[in-house]
>>> print(open('work31.cif').read())   # mmCIF, C-alpha atoms
data_input
loop_
_atom_site.label_atom_id
_atom_site.label_comp_id
_atom_site.auth_asym_id
_atom_site.auth_seq_id
_atom_site.Cartn_x
_atom_site.Cartn_y
_atom_site.Cartn_z
CA MET A 1 9.15 35.28 13.39
CA LYS A 2 8.00 32.12 15.04
CA GLN A 3 8.10 28.97 12.99
CA PHE A 4 5.98 25.88 12.72
CA LYS A 5 6.31 22.62 10.90
CA LEU A 6 4.85 22.18 7.44
CA GLU A 7 4.67 18.90 5.60
CA ILE A 8 3.36 18.30 2.12
CA ILE A 9 2.65 14.64 1.54
CA SER A 10 1.60 12.95 -1.67
CA PRO A 11 0.92 9.23 -2.10
CA ASN A 12 4.27 8.84 -3.80
CA GLU A 13 6.53 10.68 -1.39
CA ILE A 14 6.94 13.32 1.27
CA VAL A 15 7.35 16.34 -0.96
CA PHE A 16 8.23 18.94 1.63
CA GLU A 17 8.99 18.85 5.35
CA LYS A 18 10.47 21.88 7.05
CA GLU A 19 10.01 24.59 9.64
CA VAL A 20 8.44 27.62 7.99
CA ASP A 21 7.04 31.05 8.91
CA LEU A 22 3.96 31.21 6.81
CA VAL A 23 2.14 29.18 4.25
CA ILE A 24 -0.61 30.38 1.96
CA PHE A 25 -2.73 27.81 0.20
CA PRO A 26 -5.87 27.78 -1.93
CA GLY A 27 -8.65 26.60 0.37
CA SER A 28 -11.89 25.54 -1.26
CA GLU A 29 -13.57 28.73 -0.04
CA GLY A 30 -10.67 31.12 -0.53
CA ASP A 31 -6.97 31.44 0.09
CA ILE A 32 -5.83 30.86 3.64
CA GLY A 33 -2.62 31.81 5.37
CA ILE A 34 -1.39 29.78 8.30
CA LEU A 35 0.98 31.17 10.95
CA LYS A 36 2.31 29.65 14.14
CA ASP A 37 -0.19 28.79 16.90
CA HIS A 38 -3.10 28.53 14.53
CA MET A 39 -6.12 26.80 16.00
CA PRO A 40 -6.90 23.23 14.89
CA PHE A 41 -8.21 23.58 11.40
CA LEU A 42 -9.29 21.37 8.56
CA THR A 43 -10.09 22.36 5.01
CA SER A 44 -10.20 20.97 1.53
CA LEU A 45 -8.24 22.53 -1.30
CA ARG A 46 -9.05 23.68 -4.78
CA VAL A 47 -6.61 23.87 -7.69
CA GLY A 48 -4.02 26.53 -7.04
CA ILE A 49 -0.58 27.43 -5.82
CA VAL A 50 0.85 26.95 -2.35
CA TYR A 51 3.30 29.65 -1.26
CA ILE A 52 5.75 28.84 1.48
CA TYR A 53 7.47 31.70 3.29
CA LEU A 54 10.59 31.60 5.39
CA GLU A 55 12.25 34.73 6.71
CA LYS A 56 10.00 36.99 4.67
CA LYS A 57 10.83 35.30 1.40
CA ILE A 58 9.03 32.75 -0.68
CA ILE A 59 11.26 29.72 -0.53
CA GLU A 60 9.11 27.31 -2.44
CA THR A 61 5.90 27.24 -4.45
CA PHE A 62 3.86 24.18 -5.33
CA LEU A 63 0.99 23.61 -7.68
CA VAL A 64 -1.73 21.44 -6.16
CA THR A 65 -4.85 20.07 -7.79
CA GLY A 66 -6.83 19.47 -4.63
CA GLY A 67 -6.41 17.77 -1.31
CA ILE A 68 -6.78 18.39 2.36
CA VAL A 69 -4.99 20.54 4.94
CA GLU A 70 -4.91 19.71 8.59
CA VAL A 71 -3.53 22.12 11.16
CA SER A 72 -3.07 21.01 14.73
CA GLN A 73 -0.55 21.67 17.49
CA ASN A 74 1.78 23.76 15.36
CA ARG A 75 1.90 21.19 12.66
CA CYS A 76 0.44 21.75 9.26
CA SER A 77 -0.06 18.73 7.02
CA LEU A 78 -1.06 19.16 3.44
CA LEU A 79 -2.26 15.94 1.84
CA THR A 80 -2.65 16.02 -1.89
CA GLU A 81 -2.75 13.46 -4.64
CA GLU A 82 -1.06 15.62 -7.22
CA VAL A 83 1.61 18.16 -6.46
CA ILE A 84 4.23 19.79 -8.65
CA ASN A 85 7.09 22.00 -7.57
CA THR A 86 6.79 25.09 -9.72
CA ASN A 87 10.58 25.39 -9.94
CA SER A 88 10.60 22.24 -12.01
CA VAL A 89 8.22 23.78 -14.52
CA SER A 90 9.90 26.27 -16.81
CA SER A 91 8.53 28.14 -19.73
CA THR A 92 9.83 26.65 -22.95
CA ASN A 93 9.03 29.73 -24.97
CA LYS A 94 11.33 32.64 -24.18
CA ASN A 95 9.36 35.23 -26.15
CA GLU A 96 6.30 34.35 -24.20
CA GLU A 97 8.23 34.84 -21.03
CA SER A 98 9.34 38.36 -21.95
CA SER A 99 5.87 39.40 -23.04
CA ASN A 100 4.53 38.17 -19.75
CA LYS A 101 7.08 40.18 -17.81
CA ASP A 102 4.64 42.90 -16.87
CA GLU A 103 2.23 40.33 -15.63
CA ILE A 104 4.90 38.65 -13.59
CA ASN A 105 5.93 41.98 -12.08
CA LEU A 106 2.37 42.65 -11.13
CA LYS A 107 2.12 39.22 -9.55
CA ARG A 108 5.32 39.76 -7.59
CA GLN A 109 3.99 43.02 -6.25
CA LYS A 110 0.84 41.25 -5.20
CA GLU A 111 2.82 38.57 -3.43
CA LYS A 112 4.92 41.18 -1.66
CA ALA A 113 1.83 43.01 -0.52
CA LEU A 114 0.34 39.81 0.72
CA ALA A 115 3.47 38.92 2.62
CA LYS A 116 3.58 42.40 4.14
CA PHE A 117 0.01 42.00 5.24
CA TYR A 118 0.62 38.71 6.98
CA TYR A 119 3.86 39.76 8.61
CA SER A 120 2.56 43.07 9.87
CA MET B 1 19.45 -49.72 -6.80
CA PRO B 2 19.23 -47.11 -9.57
CA SER B 3 21.64 -47.43 -12.43
CA LEU B 4 24.36 -44.88 -13.06
CA LYS B 5 22.43 -43.41 -15.96
CA ASP B 6 19.37 -42.86 -13.75
CA LEU B 7 21.52 -41.07 -11.23
CA ARG B 8 23.08 -38.88 -13.89
CA ASN B 9 19.63 -37.95 -15.17
CA ARG B 10 18.43 -37.08 -11.70
CA ILE B 11 21.43 -34.92 -11.00
CA SER B 12 21.00 -32.99 -14.21
CA SER B 13 17.30 -32.44 -13.57
CA VAL B 14 17.96 -31.15 -10.06
CA LYS B 15 20.62 -28.87 -11.51
CA SER B 16 18.20 -27.35 -13.99
CA THR B 17 15.62 -26.89 -11.23
CA LYS B 18 18.25 -25.07 -9.24
CA LYS B 19 18.94 -22.78 -12.18
CA ILE B 20 15.27 -21.88 -12.37
CA THR B 21 14.87 -21.25 -8.65
CA SER B 22 17.98 -19.15 -8.39
CA ALA B 23 16.90 -17.07 -11.38
CA MET B 24 13.46 -16.60 -9.81
CA LYS B 25 15.09 -15.58 -6.58
CA MET B 26 17.09 -12.87 -8.29
CA VAL B 27 14.07 -11.58 -10.19
CA ALA B 28 12.06 -11.50 -6.97
CA ALA B 29 14.85 -9.66 -5.17
CA ALA B 30 14.92 -6.97 -7.84
CA LYS B 31 11.15 -6.64 -7.80
CA LEU B 32 11.09 -6.63 -4.01
CA LYS B 33 13.34 -3.60 -3.86
CA LYS B 34 10.99 -1.63 -6.08
CA ALA B 35 7.83 -2.85 -4.40
CA GLN B 36 9.24 -2.11 -0.97
CA ASP B 37 10.18 1.42 -2.00
CA ASN B 38 6.68 2.01 -3.34
CA ALA B 39 5.04 0.61 -0.24
CA GLU B 40 7.16 2.69 2.09
CA LYS B 41 6.61 5.88 0.12
CA THR B 42 2.83 5.64 0.42
CA ARG B 43 2.84 4.87 4.12
CA PRO B 44 3.12 8.43 5.52
CA TYR B 45 0.24 9.65 3.37
CA ALA B 46 -2.01 6.76 4.32
CA ARG B 47 -1.13 7.05 7.99
CA LYS B 48 -1.79 10.78 8.15
CA MET B 49 -5.05 10.35 6.28
CA SER B 50 -6.32 7.66 8.62
CA ASP B 51 -5.19 9.73 11.62
CA ILE B 52 -7.30 12.64 10.44
CA VAL B 53 -10.29 10.44 9.72
CA ASN B 54 -10.00 8.72 13.07
CA SER B 55 -9.89 11.94 15.01
CA LEU B 56 -12.80 13.28 12.98
CA VAL B 57 -14.85 10.19 13.61
CA GLU B 58 -13.99 10.27 17.27
CA ASN B 59 -15.25 13.82 17.53
CA ASN B 60 -18.40 12.70 15.81
CA LYS B 61 -19.11 9.76 18.07
CA SER B 62 -22.56 10.85 19.04
CA LYS B 63 -23.66 12.09 15.64
CA GLU B 64 -24.84 9.98 12.75
CA PHE B 65 -23.20 10.50 9.42
CA GLU B 66 -23.29 8.80 6.09
CA PHE B 67 -20.72 6.11 6.69
CA SER B 68 -21.40 5.39 10.34
CA GLU B 69 -22.73 2.09 11.60
CA LYS B 70 -26.27 1.12 10.82
CA LYS B 71 -27.78 -0.08 14.02
CA THR B 72 -31.20 -1.05 12.74
CA LYS B 73 -30.32 -4.22 10.90
CA LYS B 74 -30.14 -7.69 12.41
CA THR B 75 -28.40 -9.89 9.86
CA ARG B 76 -25.14 -8.45 8.81
CA ASN B 77 -23.89 -8.63 5.26
CA ILE B 78 -20.15 -8.58 5.32
CA LEU B 79 -17.88 -8.00 2.38
CA LEU B 80 -14.38 -9.40 2.42
CA ILE B 81 -11.83 -8.05 -0.02
CA VAL B 82 -9.19 -10.74 -0.27
CA CYS B 83 -5.86 -9.62 -1.71
CA SER B 84 -3.54 -12.38 -2.85
CA ALA B 85 -1.02 -12.96 -5.61
CA ASP B 86 -1.64 -13.90 -9.22
CA ARG B 87 1.08 -16.50 -9.22
CA GLY B 88 2.26 -19.28 -7.01
CA LEU B 89 5.76 -20.33 -5.99
CA CYS B 90 5.94 -17.86 -3.18
CA GLY B 91 6.09 -20.10 -0.13
CA GLY B 92 3.26 -19.85 2.35
CA PHE B 93 2.13 -16.44 1.13
CA ASN B 94 -1.09 -17.41 -0.63
CA SER B 95 -1.99 -20.29 1.64
CA SER B 96 -1.79 -18.14 4.75
CA ILE B 97 -4.09 -15.56 3.17
CA ILE B 98 -6.52 -18.30 2.18
CA LYS B 99 -6.44 -19.83 5.64
CA PHE B 100 -7.01 -16.48 7.27
CA SER B 101 -9.97 -15.59 5.05
CA LYS B 102 -11.54 -18.99 5.55
CA LYS B 103 -11.28 -18.68 9.30
CA LEU B 104 -12.69 -15.17 9.30
CA SER B 105 -15.64 -16.05 7.07
CA GLU B 106 -16.45 -19.15 9.13
CA LYS B 107 -16.48 -17.00 12.23
CA ILE B 108 -18.84 -14.51 10.59
CA ILE B 109 -21.17 -17.25 9.40
CA ASN B 110 -21.21 -18.77 12.88
CA ASP B 111 -22.22 -15.39 14.24
CA GLY B 112 -25.17 -15.38 11.87
CA GLY B 113 -23.79 -13.04 9.23
CA GLN B 114 -23.59 -13.37 5.49
CA VAL B 115 -20.34 -13.10 3.61
CA SER B 116 -19.59 -11.95 0.11
CA TYR B 117 -16.21 -11.65 -1.50
CA ILE B 118 -14.22 -9.54 -3.87
CA PHE B 119 -10.92 -11.05 -4.91
CA VAL B 120 -7.82 -9.22 -5.96
CA GLY B 121 -5.36 -11.73 -7.37
CA LYS B 122 -6.14 -15.12 -8.88
CA LYS B 123 -4.66 -17.50 -6.35
CA ALA B 124 -7.07 -16.99 -3.48
CA TYR B 125 -9.94 -16.95 -5.95
CA GLN B 126 -8.96 -20.29 -7.42
CA SER B 127 -8.82 -22.11 -4.15
CA LEU B 128 -11.74 -20.40 -2.42
CA GLN B 129 -14.01 -20.66 -5.45
CA ARG B 130 -15.61 -23.88 -4.27
CA PHE B 131 -15.78 -22.75 -0.66
CA CYS B 132 -17.62 -19.51 -1.28
CA GLY B 133 -19.80 -20.57 -4.17
CA GLU B 134 -21.99 -17.82 -5.51
CA SER B 135 -21.13 -15.11 -3.07
CA ILE B 136 -18.17 -13.95 -5.14
CA LEU B 137 -18.91 -10.50 -6.45
CA ASP B 138 -15.84 -9.74 -8.47
CA LEU B 139 -12.31 -10.69 -9.34
CA PHE B 140 -9.47 -8.35 -10.23
CA SER B 141 -6.38 -10.00 -11.63
CA ASP B 142 -3.13 -8.95 -13.25
CA ILE B 143 -3.03 -5.87 -11.08
CA ALA B 144 0.71 -5.57 -10.79
CA ASN B 145 1.37 -5.54 -14.49
CA PRO B 146 3.55 -3.48 -14.83
CA SER B 147 2.77 -1.60 -11.62
CA ILE B 148 -0.15 -1.10 -9.27
CA LYS B 149 -2.24 1.83 -10.36
CA PHE B 150 -4.24 4.09 -8.12
CA GLU B 151 -7.23 3.71 -10.46
CA LEU B 152 -7.71 0.14 -9.31
CA ALA B 153 -8.07 1.27 -5.71
CA SER B 154 -10.50 3.99 -6.73
CA SER B 155 -12.67 1.63 -8.74
CA LEU B 156 -12.72 -0.83 -5.84
CA ARG B 157 -13.65 2.04 -3.55
CA ASP B 158 -16.50 3.11 -5.84
CA LYS B 159 -17.81 -0.42 -5.84
CA ILE B 160 -17.71 -0.67 -2.06
CA LEU B 161 -19.42 2.66 -1.56
CA GLU B 162 -22.14 1.74 -4.02
CA LEU B 163 -22.79 -1.52 -2.18
CA PHE B 164 -22.80 0.29 1.13
CA ARG B 165 -25.18 2.97 -0.09
CA ASN B 166 -27.77 0.62 -1.51
CA ASP B 167 -27.71 -1.43 1.67
CA SER B 168 -26.43 -4.69 0.22
CA MET B 169 -23.42 -4.57 2.52
CA ASP B 170 -23.04 -3.43 6.12
CA GLU B 171 -19.41 -4.05 6.87
CA CYS B 172 -16.30 -4.30 4.77
CA TYR B 173 -12.96 -5.82 5.62
CA LEU B 174 -9.77 -5.82 3.63
CA ILE B 175 -7.55 -8.88 3.99
CA TYR B 176 -3.95 -8.33 2.99
CA THR B 177 -0.42 -9.12 4.07
CA GLU B 178 1.51 -6.49 5.91
CA PHE B 179 5.11 -6.22 4.85
CA LYS B 180 7.50 -6.11 7.77
CA SER B 181 10.68 -7.36 6.19
CA ALA B 182 11.73 -9.73 3.43
CA ILE B 183 11.39 -12.66 5.79
CA SER B 184 8.48 -11.64 7.96
CA GLN B 185 4.99 -10.82 6.76
CA THR B 186 1.72 -11.09 8.59
CA VAL B 187 -1.79 -11.45 7.26
CA GLN B 188 -4.09 -8.75 8.53
CA SER B 189 -7.63 -7.60 8.22
CA LEU B 190 -8.49 -3.94 8.04
CA LYS B 191 -11.96 -2.61 8.62
CA LEU B 192 -12.86 -0.16 5.88
CA LEU B 193 -16.52 0.44 6.62
CA PRO B 194 -18.43 1.43 8.64
CA LEU B 195 -16.35 3.92 10.49
CA ASN B 196 -16.50 3.89 14.20
CA ALA B 197 -14.15 5.45 16.65
CA LEU B 198 -11.15 3.44 17.65
CA GLU B 199 -11.10 2.63 21.29
CA THR B 200 -7.82 4.19 22.16
CA SER B 201 -6.82 5.05 25.67
CA ASP B 202 -4.94 8.25 24.95
CA ASN B 203 -7.12 11.29 25.02
CA ASN B 204 -4.69 13.65 23.37
CA SER B 205 -6.08 13.22 19.93
CA SER B 206 -9.73 13.30 20.87
CA ASN B 207 -9.50 16.72 22.46
CA LYS B 208 -8.89 18.52 19.22
CA SER B 209 -11.86 20.47 18.09
CA TYR B 210 -11.30 21.49 14.54
CA ASP B 211 -12.42 24.53 12.72
CA PHE B 212 -13.86 23.46 9.39
CA GLU B 213 -14.03 25.03 6.03
CA PRO B 214 -16.43 24.44 4.30
CA SER B 215 -18.55 22.45 6.77
CA GLU B 216 -17.68 19.40 8.78
CA GLU B 217 -20.07 17.23 6.84
CA GLU B 218 -18.72 18.23 3.47
CA ILE B 219 -15.18 17.56 4.60
CA LEU B 220 -16.16 14.17 5.97
CA ASN B 221 -17.89 13.27 2.75
CA GLU B 222 -14.84 14.25 0.78
CA ILE B 223 -12.20 12.75 3.01
CA ILE B 224 -13.74 9.35 3.76
CA PRO B 225 -13.86 8.04 0.18
CA LYS B 226 -10.35 9.38 -0.30
CA ASN B 227 -9.21 7.58 2.80
CA ILE B 228 -10.75 4.29 1.71
CA ALA B 229 -9.06 4.49 -1.68
CA ILE B 230 -5.68 5.23 -0.22
CA GLN B 231 -6.01 2.49 2.38
CA ILE B 232 -6.80 -0.02 -0.36
CA HIS B 233 -3.93 1.27 -2.45
CA THR B 234 -1.41 0.93 0.37
CA ALA B 235 -2.71 -2.51 1.23
CA LEU B 236 -2.19 -3.61 -2.37
CA LEU B 237 1.32 -2.19 -2.42
CA GLU B 238 2.17 -3.88 0.86
CA ASN B 239 0.72 -7.09 -0.48
CA LEU B 240 2.89 -6.93 -3.57
CA ALA B 241 6.01 -6.28 -1.52
CA SER B 242 5.11 -9.19 0.75
CA GLU B 243 4.57 -11.46 -2.23
CA GLN B 244 7.97 -10.65 -3.65
CA GLY B 245 9.65 -10.99 -0.27
CA SER B 246 7.97 -14.28 0.35
CA ARG B 247 8.89 -15.52 -3.09
CA MET B 248 12.48 -14.46 -2.62
CA THR B 249 12.87 -16.40 0.62
CA ALA B 250 11.03 -19.41 -0.76
CA MET B 251 13.24 -19.51 -3.84
CA ASP B 252 16.35 -18.99 -1.75
CA ASN B 253 15.38 -22.01 0.32
CA ALA B 254 14.63 -24.02 -2.79
CA THR B 255 18.03 -23.18 -4.26
CA ARG B 256 19.74 -24.20 -1.06
CA ASN B 257 17.80 -27.46 -0.93
CA ALA B 258 18.67 -28.17 -4.54
CA ASN B 259 22.34 -27.66 -3.68
CA ASP B 260 22.10 -30.13 -0.81
CA MET B 261 20.35 -32.60 -3.03
CA ILE B 262 22.98 -32.28 -5.76
CA ASP B 263 25.73 -32.89 -3.18
CA ASN B 264 24.04 -36.01 -1.86
CA LEU B 265 23.25 -37.37 -5.29
CA THR B 266 26.79 -36.75 -6.51
CA LEU B 267 28.20 -38.55 -3.50
CA PHE B 268 25.86 -41.45 -4.08
CA TYR B 269 26.69 -41.47 -7.79
CA ASN B 270 30.45 -41.62 -7.10
CA ARG B 271 29.99 -44.35 -4.54
CA SER B 272 27.96 -46.45 -6.94
CA ARG B 273 30.47 -45.90 -9.67
CA GLN B 274 33.31 -46.97 -7.35
CA ALA B 275 31.34 -50.01 -6.24
CA LEU B 276 30.73 -50.98 -9.82
CA ILE B 277 34.44 -50.73 -10.71
CA THR B 278 35.41 -52.76 -7.64
CA LYS B 279 32.86 -55.38 -8.54
CA GLU B 280 34.19 -55.63 -12.08
CA LEU B 281 37.77 -55.92 -10.81
CA ILE B 282 36.81 -58.69 -8.42
CA GLU B 283 35.08 -60.52 -11.23
CA ILE B 284 38.12 -60.23 -13.49
CA ILE B 285 40.55 -61.29 -10.78
CA SER B 286 38.49 -64.25 -9.63
CA GLY B 287 38.01 -65.23 -13.26
CA ALA B 288 41.77 -65.14 -13.84
CA GLU B 289 42.37 -67.19 -10.68
CA ALA B 290 40.04 -69.90 -11.85
CA VAL B 291 41.93 -70.36 -15.12
#
>>> encode(input="work31.cif", output="structure tokens")
Amino acid sequence: MKQFKLEIISPNEIVFEKEVDLVIFPGSEGDIGILKDHMPFLTSLRVGIVYIYLEKKIIETFLVTGGIVEVSQNRCSLLTEEVINTNSVSSTNKNEESSNKDEINLKRQKEKALAKFYYS
Amino acid sequence: MPSLKDLRNRISSVKSTKKITSAMKMVAAAKLKKAQDNAEKTRPYARKMSDIVNSLVENNKSKEFEFSEKKTKKTRNILLIVCSADRGLCGGFNSSIIKFSKKLSEKIINDGGQVSYIFVGKKAYQSLQRFCGESILDLFSDIANPSIKFELASSLRDKILELFRNDSMDECYLIYTEFKSAISQTVQSLKLLPLNALETSDNNSSNKSYDFEPSEEEILNEIIPKNIAIQIHTALLENLASEQGSRMTAMDNATRNANDMIDNLTLFYNRSRQALITKELIEIISGAEAV
């Protein structure tokens, strides 16, 4: 899989900067996946989750509340004012977690299917 | 010649001044570190944002859009946003900002334009108050207490856009001090509005033709206000870092000068004391001889 550079920048810091395979983010008119050699592209974001894939696995997910994505010359820059790494957010209620297990499984399956679709 | 008591008083007053300046230097150094970190962290975001806006505007050279130049008007109303510090004792920091703004506004007036001002920070406001008279629109002070908030930049941005939309302002410049290092800062002006393409020689960036989602116009309308806010925010952060850097060097110099002064005064004091003792001895001896 060919890789391209992704950077997620917020006013406070550079949140993420790495070579990745695929990134899926919530564009204002629907989710968009970016692979290598994408044409120059500019879109605004809505609230949602950014999935970053490397070697067919999600390596990182971020919650964004809006912003702008620019893609040009194999470089994808995501500018957002508010971004949270979802790993840093954990459910405080364990019961809730277990009851949501089915939901989570369903979500995982969806993610897998999505990844399969993009990698195929 | 001052008496010994006068000298002692002077020495002790210089010593207490030195205590104050060295304390201020240390406070400024601590604040500088934080301010510098903040300023440097925002830089990549601001730079990327202005890159995107510039390339967008460049692609749009021929088209008219909301924030492009108005060519119909003859007299230009120009808004200067002057960023300075709230407090003094920071060397030439405030005075160089004041000088720069004065020069710029005189140039604009000579060219037949009209100038209005928004001040951020009290110092420039206080000394330019008489010079600009009634053209001061607003003053924001105490911005860095405890830290610079993004809301300030957004409210400034809203104000600017409102003025621009109802035609009471045609151009807007931001005057601030760029932070290079603790000892070197330069006053700069940044054009916020209207947007026109930078005249750059490299054609690499202008050849990009973007695909837009939703439409180009909507993206422009969303991204330009964002860009203005973030540019103001970074300028304020840079300004704060510059202020602290400038204060630190100024106070360092003051402490060093106080040290020199204490040395000189102590030397002088000892000499006078010695001279006084010698004089007394001579008096006693010559008195004894006469008996």
>>> atom_distance(input="work31.cif", atom1="atom CA of B:Ala46", atom2="atom CA of A:Gly33")
25.1 Å
>>> residues_around(input="work31.cif", residues="B:Phe150", least_positions_apart="2", cutoff="9 Å", atoms="all atoms listed in the file", output="PyMOL selection string")
chain B and resi 148+152-155+229-230+233
>>> write_last_selection(input="work31.cif", atoms="C-alpha atoms", output="PDB file, in the frame of the given file")
ATOM      1  CA  ILE B 148      -0.150  -1.100  -9.270  1.00  0.00           C
ATOM      2  CA  LEU B 152      -7.710   0.140  -9.310  1.00  0.00           C
ATOM      3  CA  ALA B 153      -8.070   1.270  -5.710  1.00  0.00           C
ATOM      4  CA  SER B 154     -10.500   3.990  -6.730  1.00  0.00           C
ATOM      5  CA  SER B 155     -12.670   1.630  -8.740  1.00  0.00           C
ATOM      6  CA  ALA B 229      -9.060   4.490  -1.680  1.00  0.00           C
ATOM      7  CA  ILE B 230      -5.680   5.230  -0.220  1.00  0.00           C
ATOM      8  CA  HIS B 233      -3.930   1.270  -2.450  1.00  0.00           C
TER       9      HIS B 233
END
>>> interface_residues(input="work31.cif", of="chain B", to="chain A", cutoff="7 Å", atoms="all atoms listed in the file", output="compact mmCIF listing (two decimals) with C-alpha atoms, keeping the file's coordinate frame")
# COMPACT_ATOMS: atom_id res chain seq x y z
CA LYS B 41 6.61 5.88 0.12
CA THR B 42 2.83 5.64 0.42
CA TYR B 45 0.24 9.65 3.37
CA LYS B 208 -8.89 18.52 19.22
CA SER B 209 -11.86 20.47 18.09
CA TYR B 210 -11.30 21.49 14.54
CA ASP B 211 -12.42 24.53 12.72
CA PHE B 212 -13.86 23.46 9.39
CA GLU B 213 -14.03 25.03 6.03
CA PRO B 214 -16.43 24.44 4.30
CA ILE B 219 -15.18 17.56 4.60
>>> residues_around(input="work31.cif", residues="B:Val120", least_positions_apart="5", cutoff="12 Å", atoms="all atoms listed in the file", output="ChimeraX atom specification")
/B:80-87,94,97,125-126,136-144,148,152-153,156,174-176,232-233,235-236,239-240
>>> resolve_selection(input="work31.cif", expression="the PyMOL selection byres ((chain A and resi 59) around 12)", output="list in words")
Phe16, Lys18, Glu19, Val20, Asp21, Leu22, Val23, Val50, Tyr51, Ile52, Tyr53, Leu54, Glu55, Lys56, Lys57, Ile58, Glu60, Thr61, Phe62, Asn85, Thr86 and Asn87 of chain A
>>> decode(input="work31.cif", residues="stretch 28-39 of chain A", atoms="N, CA and C atoms", output="tab-separated table (two decimals), in the first residue's frame")
chain	number	residue	atom	x	y	z
A	28	SER	N	-18.22	17.86	5.12
A	28	SER	CA	-19.51	18.50	5.41
A	28	SER	C	-20.63	17.90	4.57
A	29	GLU	N	-20.29	17.22	3.47
A	29	GLU	CA	-21.35	16.64	2.65
A	29	GLU	C	-21.27	15.11	2.63
A	30	GLY	N	-20.58	14.54	3.60
A	30	GLY	CA	-20.47	13.09	3.67
A	30	GLY	C	-19.05	12.67	3.94
A	31	ASP	N	-18.90	11.45	4.44
A	31	ASP	CA	-17.56	10.98	4.77
A	31	ASP	C	-16.72	10.80	3.52
A	32	ILE	N	-15.44	11.09	3.66
A	32	ILE	CA	-14.54	11.02	2.52
A	32	ILE	C	-13.29	10.25	2.93
A	33	GLY	N	-12.86	9.36	2.05
A	33	GLY	CA	-11.61	8.65	2.28
A	33	GLY	C	-10.55	9.17	1.34
A	34	ILE	N	-9.37	9.37	1.86
A	34	ILE	CA	-8.28	9.88	1.03
A	34	ILE	C	-7.19	8.82	0.95
A	35	LEU	N	-6.78	8.49	-0.28
A	35	LEU	CA	-5.64	7.58	-0.49
A	35	LEU	C	-4.51	8.37	-1.15
A	36	LYS	N	-3.43	7.67	-1.42
A	36	LYS	CA	-2.30	8.34	-2.08
A	36	LYS	C	-2.71	8.82	-3.48
A	37	ASP	N	-2.02	9.85	-3.93
A	37	ASP	CA	-2.24	10.43	-5.27
A	37	ASP	C	-3.67	10.94	-5.47
A	38	HIS	N	-4.26	11.42	-4.41
A	38	HIS	CA	-5.57	12.05	-4.57
A	38	HIS	C	-5.39	13.40	-5.25
A	39	MET	N	-6.38	13.81	-6.00
A	39	MET	CA	-6.26	15.11	-6.66
A	39	MET	C	-6.39	16.24	-5.62
